[in-house]
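*Asks:* Below is the file my_file33.pdb, which contains PDB, C-alpha atoms, pLDDT in the B column.
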```pdb
ATOM      1  CA  MET A 218      61.241  -3.842 -34.002  1.00 77.00           C
ATOM      2  CA  GLU A 219      59.350  -5.698 -36.721  1.00 87.00           C
ATOM      3  CA  ARG A 220      57.294  -4.407 -39.624  1.00 89.00           C
ATOM      4  CA  PHE A 221      53.760  -5.525 -40.337  1.00 90.00           C
ATOM      5  CA  VAL A 222      51.340  -4.851 -43.149  1.00 90.00           C
ATOM      6  CA  VAL A 223      47.837  -4.214 -41.818  1.00 90.00           C
ATOM      7  CA  SER A 224      44.882  -4.454 -44.179  1.00 89.00           C
ATOM      8  CA  ALA A 225      42.724  -1.377 -44.608  1.00 89.00           C
ATOM      9  CA  GLU A 226      39.696  -3.252 -43.290  1.00 88.00           C
ATOM     10  CA  LEU A 227      41.464  -3.861 -39.956  1.00 89.00           C
ATOM     11  CA  LEU A 228      42.507  -0.210 -39.631  1.00 88.00           C
ATOM     12  CA  ASN A 229      38.895   0.727 -38.840  1.00 89.00           C
ATOM     13  CA  HIS A 230      38.361  -2.062 -36.308  1.00 89.00           C
ATOM     14  CA  PRO A 231      37.735  -0.719 -32.764  1.00 89.00           C
ATOM     15  CA  VAL A 232      40.536  -2.888 -31.369  1.00 88.00           C
ATOM     16  CA  PHE A 233      43.072  -1.518 -33.850  1.00 89.00           C
ATOM     17  CA  ILE A 234      41.842   2.011 -33.180  1.00 90.00           C
ATOM     18  CA  GLY A 235      42.521   1.315 -29.498  1.00 88.00           C
ATOM     19  CA  LEU A 236      46.094   0.356 -30.392  1.00 90.00           C
ATOM     20  CA  LEU A 237      46.468   3.546 -32.430  1.00 90.00           C
ATOM     21  CA  ASN A 238      45.193   5.582 -29.479  1.00 90.00           C
ATOM     22  CA  ARG A 239      47.774   3.931 -27.218  1.00 89.00           C
ATOM     23  CA  SER A 240      50.439   4.781 -29.778  1.00 90.00           C
ATOM     24  CA  ALA A 241      49.341   8.429 -29.790  1.00 91.00           C
ATOM     25  CA  GLN A 242      49.415   8.531 -25.978  1.00 91.00           C
ATOM     26  CA  GLU A 243      52.854   6.939 -25.844  1.00 90.00           C
ATOM     27  CA  TYR A 244      54.595   8.649 -28.765  1.00 89.00           C
ATOM     28  CA  GLY A 245      52.366  11.615 -29.672  1.00 90.00           C
ATOM     29  CA  TYR A 246      51.010  12.569 -33.063  1.00 87.00           C
ATOM     30  CA  GLU A 247      54.316  13.901 -34.388  1.00 84.00           C
ATOM     31  CA  GLN A 248      55.913  10.513 -35.154  1.00 77.00           C
ATOM     32  CA  LYS A 249      58.177  10.493 -38.171  1.00 82.00           C
ATOM     33  CA  GLY A 250      58.715   7.395 -40.238  1.00 82.00           C
ATOM     34  CA  VAL A 251      56.981   4.168 -39.296  1.00 83.00           C
ATOM     35  CA  LEU A 252      54.040   3.960 -36.942  1.00 86.00           C
ATOM     36  CA  GLN A 253      54.979   2.281 -33.667  1.00 88.00           C
ATOM     37  CA  ILE A 254      52.489   0.336 -31.557  1.00 88.00           C
ATOM     38  CA  PRO A 255      53.493   0.172 -27.867  1.00 86.00           C
ATOM     39  CA  CYS A 256      53.183  -3.566 -27.246  1.00 86.00           C
ATOM     40  CA  HIS A 257      55.334  -6.660 -27.606  1.00 88.00           C
ATOM     41  CA  VAL A 258      55.527  -8.190 -31.090  1.00 91.00           C
ATOM     42  CA  LEU A 259      54.010 -11.504 -29.966  1.00 90.00           C
ATOM     43  CA  VAL A 260      51.076  -9.684 -28.355  1.00 88.00           C
ATOM     44  CA  PHE A 261      50.502  -7.670 -31.537  1.00 90.00           C
ATOM     45  CA  GLU A 262      50.620 -10.857 -33.628  1.00 91.00           C
ATOM     46  CA  ARG A 263      48.004 -12.537 -31.393  1.00 89.00           C
ATOM     47  CA  ILE A 264      45.728  -9.507 -31.583  1.00 89.00           C
ATOM     48  CA  MET A 265      46.023  -9.246 -35.362  1.00 90.00           C
ATOM     49  CA  GLU A 266      45.437 -12.979 -35.860  1.00 91.00           C
ATOM     50  CA  SER A 267      42.283 -12.790 -33.726  1.00 88.00           C
ATOM     51  CA  LEU A 268      41.020  -9.858 -35.788  1.00 88.00           C
ATOM     52  CA  ARG A 269      41.804 -11.579 -39.105  1.00 89.00           C
ATOM     53  CA  LEU A 270      39.877 -14.667 -37.994  1.00 90.00           C
ATOM     54  CA  GLY A 271      36.941 -12.609 -36.730  1.00 88.00           C
ATOM     55  CA  LEU A 272      37.475 -13.776 -33.155  1.00 85.00           C
ATOM     56  CA  ALA A 273      37.277 -11.775 -29.968  1.00 82.00           C
ATOM     57  CA  VAL A 274      40.631 -10.631 -28.661  1.00 80.00           C
ATOM     58  CA  PRO A 275      41.686 -12.996 -25.846  1.00 76.00           C
ATOM     59  CA  SER A 276      40.792 -11.652 -22.410  1.00 77.00           C
ATOM     60  CA  ASP A 277      44.424 -11.741 -21.268  1.00 73.00           C
ATOM     61  CA  LEU A 278      45.207  -9.082 -23.911  1.00 76.00           C
ATOM     62  CA  GLN A 279      42.366  -6.669 -23.104  1.00 71.00           C
ATOM     63  CA  ASP A 280      44.617  -4.467 -20.940  1.00 70.00           C
ATOM     64  CA  VAL A 281      46.892  -3.940 -23.954  1.00 70.00           C
ATOM     65  CA  ILE A 282      44.139  -2.497 -26.127  1.00 69.00           C
ATOM     66  CA  GLY A 283      42.312  -0.548 -23.422  1.00 64.00           C
ATOM     67  CA  ASP A 284      38.794  -0.644 -22.019  1.00 52.00           C
ATOM     68  CA  GLU A 285      37.358   1.825 -24.540  1.00 46.00           C
ATOM     69  CA  THR A 286      37.419  -0.803 -27.300  1.00 44.00           C
ATOM     70  CA  ILE A 287      35.419  -3.479 -25.483  1.00 38.00           C
TER      71      ILE A 287
END
```
Now, as a test, write the supplied structure out as structure tokens.
*Replies:*
Amino acid sequence: MERFVVSAELLNHPVFIGLLNRSAQEYGYEQKGVLQIPCHVLVFERIMESLRLGLAVPSDLQDVIGDETI
């Protein structure tokens, strides 16, 4: 497990909200401690880099974030 700092501006992005929804489905809303996102670290890094650069999330990662964010 790795730790990441996510800027407040990205927290409201639909893609990040999709990741938070997946986290809630996987772990529930009663998590204690750090927030866990249910995807591989390298996948998360690619998603976050795309968001930081203002790019669309690569199509091969769309299944990770879910259809509701597209």
*Asks:* If we count all atoms listed in the file, what is near Glu243 (chain A) at a cut-off of 10 Å, once residues fewer than 4 positions away on the same chain are taken out, given as a PyMOL selection string?
*Replies:* chain A and resi 237-239+253-255
*Asks:* For the residues in the current selection, export C-alpha atoms as a tab-separated table (two decimals), keeping the file's coordinate frame.
*Replies:*
```tsv
chain	number	residue	atom	x	y	z
A	237	LEU	CA	46.47	3.55	-32.43
A	238	ASN	CA	45.19	5.58	-29.48
A	239	ARG	CA	47.77	3.93	-27.22
A	253	GLN	CA	54.98	2.28	-33.67
A	254	ILE	CA	52.49	0.34	-31.56
A	255	PRO	CA	53.49	0.17	-27.87
```
*Asks:* Evaluating the PyMOL selection byres ((chain A and resi 220-227) around 10) on the displayed file yields which residues, as a ChimeraX atom specification?
*Replies:* /A:218-219,228-234,251-253,258,261-262,265,268-269
*Asks:* Report, in Å with one decimal, the straight-line distance from CA of Glu247 (chain A) to CA of Val260 (chain A).
*Replies:*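 Spanning CA of Glu247 (chain A) to CA of Val260 (chain A) is a straight-line distance of 24.6 Å.
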